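Trainee: Contents of target.cif (mmCIF, C-alpha atoms and all ligand atoms) are below:
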data_work
#
loop_
_atom_site.label_atom_id
_atom_site.label_comp_id
_atom_site.auth_asym_id
_atom_site.auth_seq_id
_atom_site.Cartn_x
_atom_site.Cartn_y
_atom_site.Cartn_z
CA MET A 1 165.75 -30.62 96.80
CA SER A 2 162.84 -30.96 99.13
CA GLY A 3 159.09 -31.49 99.13
CA GLY A 4 157.93 -30.30 95.69
CA LYS A 5 156.41 -32.10 92.78
CA VAL A 6 158.41 -34.58 90.77
CA ASP A 7 157.92 -35.25 87.06
CA ILE A 8 158.98 -38.87 87.07
CA LYS A 9 158.82 -41.44 89.79
CA VAL A 10 161.71 -43.86 89.46
CA VAL A 11 162.09 -46.91 91.66
CA LEU A 12 165.27 -48.89 92.23
CA LEU A 13 164.83 -52.61 92.73
CA GLY A 14 167.32 -55.42 93.21
CA LYS A 15 168.94 -57.78 95.64
CA ALA A 16 170.51 -56.52 98.85
CA TYR A 17 174.14 -55.46 98.28
CA ALA A 18 173.52 -54.98 94.53
CA GLY A 19 174.61 -51.35 94.81
CA LYS A 20 171.30 -49.43 94.59
CA THR A 21 172.05 -46.88 97.30
CA SER A 22 175.52 -46.28 95.89
CA LEU A 23 174.01 -45.61 92.47
CA VAL A 24 171.65 -42.98 93.89
CA GLU A 25 174.47 -41.43 95.93
CA ARG A 26 176.62 -41.11 92.82
CA PHE A 27 173.79 -39.61 90.79
CA ILE A 28 172.49 -37.15 93.37
CA HIS A 29 175.65 -36.20 95.28
CA ASN A 30 178.34 -37.35 92.86
CA ARG A 31 180.12 -39.30 95.58
CA PHE A 32 181.00 -42.87 96.43
CA VAL A 33 181.54 -43.72 100.05
CA GLY A 34 182.71 -47.26 99.21
CA ASP A 35 184.50 -49.10 101.93
CA THR A 36 184.99 -46.00 104.08
CA VAL A 37 181.54 -46.72 105.52
CA PRO A 38 180.85 -50.39 106.35
CA TYR A 39 177.91 -51.86 104.39
CA GLN A 40 176.15 -52.69 107.69
CA ASN A 41 175.85 -48.96 108.30
CA VAL A 42 174.16 -48.18 105.00
CA ILE A 43 171.72 -51.09 104.57
CA THR A 44 168.46 -49.60 103.31
CA ILE A 45 165.51 -50.19 105.60
CA GLY A 46 162.15 -49.84 103.86
CA ALA A 47 163.09 -47.27 101.26
CA ALA A 48 164.83 -43.95 100.87
CA PHE A 49 163.84 -41.00 98.70
CA GLY A 50 165.96 -38.55 96.76
CA ALA A 51 165.38 -36.18 93.85
CA LYS A 52 167.40 -34.39 91.22
CA THR A 53 166.64 -32.20 88.22
CA VAL A 54 168.14 -33.05 84.85
CA THR A 55 167.99 -30.76 81.82
CA ILE A 56 167.29 -32.22 78.39
CA ASP A 57 167.06 -29.83 75.41
CA ASN A 58 166.48 -26.89 77.79
CA LYS A 59 163.65 -28.71 79.56
CA ASN A 60 163.96 -29.44 83.26
CA VAL A 61 162.80 -32.83 84.44
CA ILE A 62 162.61 -33.52 88.17
CA ILE A 63 163.38 -37.14 88.85
CA GLY A 64 162.16 -38.53 92.17
CA ILE A 65 163.95 -41.72 93.13
CA TRP A 66 162.77 -44.38 95.53
CA ASP A 67 165.68 -46.54 96.61
CA THR A 68 164.10 -49.70 98.00
CA ALA A 69 165.62 -52.15 100.46
CA GLY A 70 167.02 -55.23 98.78
CA SER A 71 166.56 -57.55 101.72
CA GLU A 72 163.75 -60.06 101.08
CA ARG A 73 162.42 -59.15 104.50
CA TYR A 74 161.24 -55.84 102.97
CA GLU A 75 159.82 -57.33 99.77
CA ALA A 76 156.22 -56.42 100.55
CA MET A 77 157.27 -52.84 101.19
CA SER A 78 159.17 -52.60 97.89
CA ARG A 79 155.93 -53.51 96.14
CA ILE A 80 154.32 -50.41 97.63
CA TYR A 81 157.12 -48.25 96.26
CA TYR A 82 156.95 -49.42 92.67
CA ARG A 83 153.22 -48.61 92.39
CA GLY A 84 152.72 -45.85 89.87
CA ALA A 85 156.41 -45.71 89.01
CA ARG A 86 157.12 -44.50 85.50
CA ALA A 87 160.51 -46.16 85.40
CA ALA A 88 162.25 -48.91 87.30
CA ILE A 89 165.99 -49.41 87.43
CA VAL A 90 166.40 -53.09 88.12
CA CYS A 91 169.90 -53.61 89.50
CA TYR A 92 172.07 -56.69 89.65
CA ASP A 93 175.66 -57.01 90.74
CA LEU A 94 177.81 -58.11 87.79
CA THR A 95 179.91 -60.20 90.19
CA ASP A 96 176.97 -62.02 91.81
CA LYS A 97 174.95 -64.53 89.79
CA SER A 98 172.15 -64.76 92.35
CA SER A 99 171.50 -61.03 92.04
CA PHE A 100 170.52 -61.62 88.41
CA ASP A 101 167.92 -64.19 89.46
CA ARG A 102 166.54 -61.60 91.84
CA ALA A 103 166.43 -59.06 89.01
CA ARG A 104 164.34 -61.51 86.98
CA PHE A 105 161.99 -61.80 89.93
CA TRP A 106 161.44 -58.02 90.03
CA ILE A 107 160.97 -57.87 86.27
CA GLY A 108 158.25 -60.51 86.55
CA GLU A 109 156.56 -58.48 89.29
CA LEU A 110 156.65 -55.28 87.26
CA GLN A 111 155.39 -56.96 84.11
CA LYS A 112 152.50 -58.44 86.05
CA HIS A 113 151.50 -55.39 88.09
CA GLU A 114 152.91 -52.20 86.51
CA GLU A 115 152.66 -52.52 82.78
CA ASN A 116 153.22 -48.79 82.22
CA CYS A 117 156.51 -48.85 84.04
CA GLN A 118 159.52 -48.85 81.70
CA ILE A 119 162.29 -51.14 82.89
CA TYR A 120 165.98 -50.20 82.67
CA LEU A 121 168.42 -53.01 83.39
CA CYS A 122 171.48 -52.04 85.34
CA GLY A 123 174.51 -54.24 85.96
CA THR A 124 176.46 -52.64 88.80
CA LYS A 125 180.11 -52.64 89.97
CA TYR A 126 181.53 -52.58 86.47
CA ASP A 127 184.86 -51.31 87.86
CA LEU A 128 185.36 -54.69 89.55
CA VAL A 129 184.87 -56.74 86.37
CA GLU A 130 186.93 -54.28 84.38
CA ALA A 131 189.85 -54.74 86.77
CA GLU A 132 189.36 -58.51 87.03
CA PRO A 133 187.30 -60.00 84.15
CA ALA A 134 187.09 -63.39 85.90
CA LEU A 135 184.82 -61.76 88.47
CA ARG A 136 182.08 -61.32 85.88
CA LYS A 137 179.30 -63.79 86.69
CA ILE A 138 176.62 -62.47 84.37
CA ASP A 139 177.05 -63.02 80.69
CA GLU A 140 176.26 -60.08 78.42
CA ARG A 141 174.22 -62.34 76.11
CA GLU A 142 171.89 -63.18 78.99
CA THR A 143 171.35 -59.54 79.80
CA ARG A 144 170.72 -58.70 76.15
CA ALA A 145 168.06 -61.41 75.95
CA LEU A 146 166.40 -59.97 79.03
CA ALA A 147 166.57 -56.49 77.54
CA ILE A 148 164.59 -57.72 74.53
CA ASP A 149 162.03 -59.21 76.91
CA VAL A 150 161.54 -55.89 78.73
CA ARG A 151 161.91 -53.80 75.54
CA GLY A 152 164.56 -51.76 77.29
CA GLU A 153 168.25 -51.17 77.42
CA VAL A 154 171.06 -52.60 79.50
CA TYR A 155 173.52 -50.37 81.30
CA GLU A 156 176.69 -51.52 83.00
CA THR A 157 177.51 -48.94 85.62
CA SER A 158 180.05 -48.22 88.29
CA SER A 159 179.19 -46.01 91.22
CA LYS A 160 182.88 -45.99 92.08
CA THR A 161 183.98 -44.39 88.80
CA GLY A 162 180.61 -42.91 87.82
CA LYS A 163 180.47 -44.90 84.56
CA ASP A 164 177.06 -44.61 82.86
CA ILE A 165 175.18 -43.45 85.98
CA GLU A 166 174.30 -40.05 84.54
CA ARG A 167 173.51 -41.72 81.20
CA ILE A 168 170.83 -44.01 82.63
CA PHE A 169 168.96 -41.15 84.33
CA ARG A 170 169.24 -38.90 81.29
CA LYS A 171 167.76 -41.69 79.18
CA ILE A 172 164.86 -42.01 81.62
CA ALA A 173 164.23 -38.26 81.40
CA THR A 174 164.51 -38.30 77.59
CA ASP A 175 162.05 -41.20 77.32
CA TYR A 176 159.69 -39.34 79.63
CA LEU A 177 159.79 -36.20 77.49
CA ALA A 178 159.26 -38.24 74.33
CA THR A 179 156.08 -39.85 75.62
CA LYS A 180 154.70 -36.87 77.55
CA LYS A 181 151.64 -35.25 75.95
CA GLU A 182 152.38 -31.62 75.11
CA PRO A 183 149.73 -29.21 76.42
CA MET A 184 147.93 -27.12 73.76
CA THR A 185 148.79 -23.72 75.19
CA GLU A 186 150.44 -20.53 74.05
CA GLU A 187 153.51 -21.82 75.93
CA ASN A 188 153.77 -24.28 73.10
CA PRO A 189 153.42 -21.95 70.09
CA ASP A 190 154.53 -24.52 67.52
CA LEU A 191 151.63 -26.81 68.38
CA VAL A 192 149.14 -23.95 68.46
CA ARG A 193 150.33 -22.79 65.04
CA LEU A 194 150.12 -26.32 63.66
CA ARG A 195 146.60 -26.72 64.98
CA LYS A 196 145.46 -23.41 63.51
CA ALA A 197 147.01 -24.29 60.17
CA SER A 198 145.24 -27.65 59.93
CA LYS A 199 141.91 -26.05 60.96
CA SER A 200 142.11 -23.42 58.22
CA LYS A 201 142.96 -26.15 55.69
CA LYS A 202 139.82 -28.07 56.65
CA LEU A 203 137.67 -24.94 56.21
CA CYS A 204 139.11 -24.27 52.79
CA ALA A 205 138.51 -27.81 51.57
CA GLY A 206 134.85 -26.92 51.08
CA CYS A 207 135.53 -23.46 49.54
CA LYS A 208 134.50 -22.85 45.93
CA SER A 209 137.42 -20.65 44.96
N1 LIG B 301 183.60 -51.57 93.65
C1 LIG B 301 182.33 -51.17 93.72
N2 LIG B 301 181.62 -51.40 94.84
C2 LIG B 301 180.33 -50.97 94.86
C3 LIG B 301 179.71 -50.33 93.75
N3 LIG B 301 178.44 -50.06 94.07
C4 LIG B 301 178.27 -50.49 95.33
N4 LIG B 301 179.40 -51.04 95.82
C5 LIG B 301 179.60 -51.63 97.16
O1 LIG B 301 178.65 -52.69 97.32
C6 LIG B 301 178.14 -52.70 98.65
C7 LIG B 301 176.61 -52.60 98.64
O2 LIG B 301 176.23 -51.36 98.07
P1 LIG B 301 174.85 -50.62 98.41
O3 LIG B 301 174.77 -49.46 97.51
O4 LIG B 301 174.75 -50.34 99.87
O5 LIG B 301 173.83 -51.78 98.04
P2 LIG B 301 172.23 -51.77 98.11
O6 LIG B 301 171.76 -52.48 96.92
O7 LIG B 301 171.72 -50.38 98.30
O8 LIG B 301 171.94 -52.65 99.39
P3 LIG B 301 170.57 -52.67 100.30
O9 LIG B 301 170.40 -51.29 100.85
O10 LIG B 301 170.84 -53.67 101.39
O11 LIG B 301 169.46 -53.10 99.41
C8 LIG B 301 178.80 -51.52 99.38
O12 LIG B 301 179.91 -52.01 100.12
C9 LIG B 301 179.27 -50.61 98.25
O13 LIG B 301 180.42 -49.85 98.60
C10 LIG B 301 180.50 -50.12 92.58
O14 LIG B 301 180.07 -49.58 91.54
N5 LIG B 301 181.80 -50.57 92.62
#
Written as structure tokens, that's how I'd like the structure from this file.
Ligand SMILES: Nc1nc2c(ncn2[C@@H]2O[C@H](COP(=O)(O)OP(=O)(O)OP(=O)(O)O)[C@@H](O)[C@H]2O)c(=O)[nH]1
Mentor:
Amino acid sequence: MSGGKVDIKVVLLGKAYAGKTSLVERFIHNRFVGDTVPYQNVITIGAAFGAKTVTIDNKNVIIGIWDTAGSERYEAMSRIYYRGARAAIVCYDLTDKSSFDRARFWIGELQKHEENCQIYLCGTKYDLVEAEPALRKIDERETRALAIDVRGEVYETSSKTGKDIERIFRKIATDYLATKKEPMTEENPDLVRLRKASKSKKLCAGCKS
């Protein structure tokens, strides 16, 4: 996918090493490079952009994704990327407590500056905690409480296995379609018919017979 218009701007935010780039890689290219490429070689600098079309009920939605750099050094730049975003996937590494604090920081920023941006909470590296439950450092109750605060849902994903990655983006596209205003055109015959029907009702309300 190149150039063209996107329907939804999605931004990924979270601490460095939280797994943002891996999540985008899994979603767009269905691959996980994992340890075959050292992390030092894939650190995001500034931000990276990718896009993919998902189809919900026969409607295509082009999702444009800004994968921001997690390093605090690029914090000011990440702020530029979340401007005007319709959705934010705030990532934290399920095995790293400090990444959850950083997620809270980004949620605070979004709530302050981008009130129209829907937040989706994403705990990453689920495969690690599934294999070794003692590695889990973020309690599910804490994440649920935060989900209530952001009026959103929590996803626990794994870019290694693909768990729930597709689901999170499909939910974003579904939410977008649900809130999008339908244009009143012949392309949307149901709405045109509805409109005509209610107009003729109004006219008849004053009729004598
Ligand atoms: N086991 C496992 N490892 C993962 C998963 N997601 C990411 N990783 C590993 O975690 C490390 C960091 O992942 P990245 O995707 O580069 O993290 P990032 O958040 O984009 O990091 P920055 O670009 O610095 O902000 C890499 O070594 C990944 O291979 C996952 O779901 N499971």
Trainee: Which centre and edge lengths in Å to one decimal define the box along x, y and z that fits every listed atom of range 17-31 of chain A plus 6 Å per side, as AutoDock Vina command-line options?
Mentor:
--center_x 175.7 --center_y -45.8 --center_z 94.5 --size_x 20.8 --size_y 31.3 --size_z 19.5
Trainee: From the list A:Phe169, A:Tyr92, A:Tyr82, A:Phe105, which residue is nearest ligand LIG 301 (chain B) when using only C-alpha atoms and all ligand atoms?
Mentor: A:Tyr92
Trainee: Between A:Glu115, A:Asp101, A:Asp127, A:Glu142, which one has atoms that come closest to ligand LIG 301 (chain B), using all atoms listed in the file?
Mentor: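 Of A:Glu115, A:Asp101, A:Asp127, A:Glu142, the one nearest ligand LIG 301 (chain B), counting all atoms listed in the file, is A:Asp127.
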Trainee: Between A:Leu23, A:Ala88, A:Ile148, A:Ala16, which residue has the minimum interatomic distance to Gly70 in chain A, considering all atoms listed in the file?
Mentor: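 Selected residue with least distance to Gly70 in chain A: A:Ala16.
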Trainee: Could you check how far CA of Ala69 in chain A sits from CA of Ala18 in chain A, in Å to one decimal?
Mentor: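 We find that CA of Ala69 in chain A and CA of Ala18 in chain A lie 10.3 Å from each other.
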Trainee: Determine, counting only C-alpha atoms, which protein, DNA and RNA residues have an atom within 8 Å of an atom of range 173-175 of chain A; residues of the same chain fewer than 5 positions away are not included. Present the result as an MDAnalysis selection string.
Mentor: chainID A and resid 8 54 56 61 63
Trainee: Write out as a ChimeraX atom specification the residues lying within 7 Å of Cys91 in chain A, counting all atoms listed in the file and excluding same-chain residues fewer than 2 positions away.
Mentor: /A:13-14,18,20,89,93,103,121-124
Trainee: If you keep C-alpha atoms, can you produce a file of those selected residues as a JSON list (two decimals), in the frame of the given file?
Mentor:
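So again_29.json came out as:
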[["chain", "number", "residue", "atom", "x", "y", "z"],
["A", 13, "LEU", "CA", 164.83, -52.61, 92.73],
["A", 14, "GLY", "CA", 167.32, -55.42, 93.21],
["A", 18, "ALA", "CA", 173.52, -54.98, 94.53],
["A", 20, "LYS", "CA", 171.30, -49.43, 94.59],
["A", 89, "ILE", "CA", 165.99, -49.41, 87.43],
["A", 93, "ASP", "CA", 175.66, -57.01, 90.74],
["A", 103, "ALA", "CA", 166.43, -59.06, 89.01],
["A", 121, "LEU", "CA", 168.42, -53.01, 83.39],
["A", 122, "CYS", "CA", 171.48, -52.04, 85.34],
["A", 123, "GLY", "CA", 174.51, -54.24, 85.96],
["A", 124, "THR", "CA", 176.46, -52.64, 88.80]]
Trainee: Which distance in Å separates atom C3 of ligand LIG 301 (chain B) and CA of Phe32 in chain A, to one decimal?
Mentor: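 Computing it gives 8.0 Å between the two atoms.
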Trainee: Got a sec to check which residues lie within 8 Å of ligand LIG 301 (chain B), using all atoms listed in the file, and send them as an NGL selection string?
Mentor: :A and (14-23 or 32-35 or 37-39 or 42-45 or 67-71 or 91 or 124-128 or 157-162)
Trainee: Measuring atom to atom with all atoms listed in the file, identify which of A:Leu12, A:Ala51, A:Ile172, A:Leu94 is nearest to Asp139 in chain A.
Mentor: A:Leu94
Trainee: What is the distance, in Å and to one decimal place, between CA of Glu114 in chain A and CA of Arg83 in chain A?
Mentor: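 One can read the CA of Glu114 in chain A to CA of Arg83 in chain A distance as 6.9 Å.
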Trainee: Rank A:Gly108, A:Lys137, A:Ala47, A:Gly64 by their smallest atom-to-atom distance to Ala76 in chain A, using only C-alpha atoms, and report the top residue only.
Mentor: A:Ala47
Trainee: Could you list, as a ChimeraX atom specification, every residue within 10 Å of Gly50 in chain A, counting only C-alpha atoms and ignoring same-chain residues fewer than 4 positions away?
Mentor: /A:1-2,10,24-25,27-28,63-67
Trainee: Name the closest residue to His113 in chain A among the candidates A:Ala145, A:Glu156, A:Arg167, A:Ala85; distances are taken between atoms, counting all atoms listed in the file.
Mentor: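 Comparing A:Ala145, A:Glu156, A:Arg167, A:Ala85 against His113 in chain A, the winner is A:Ala85.
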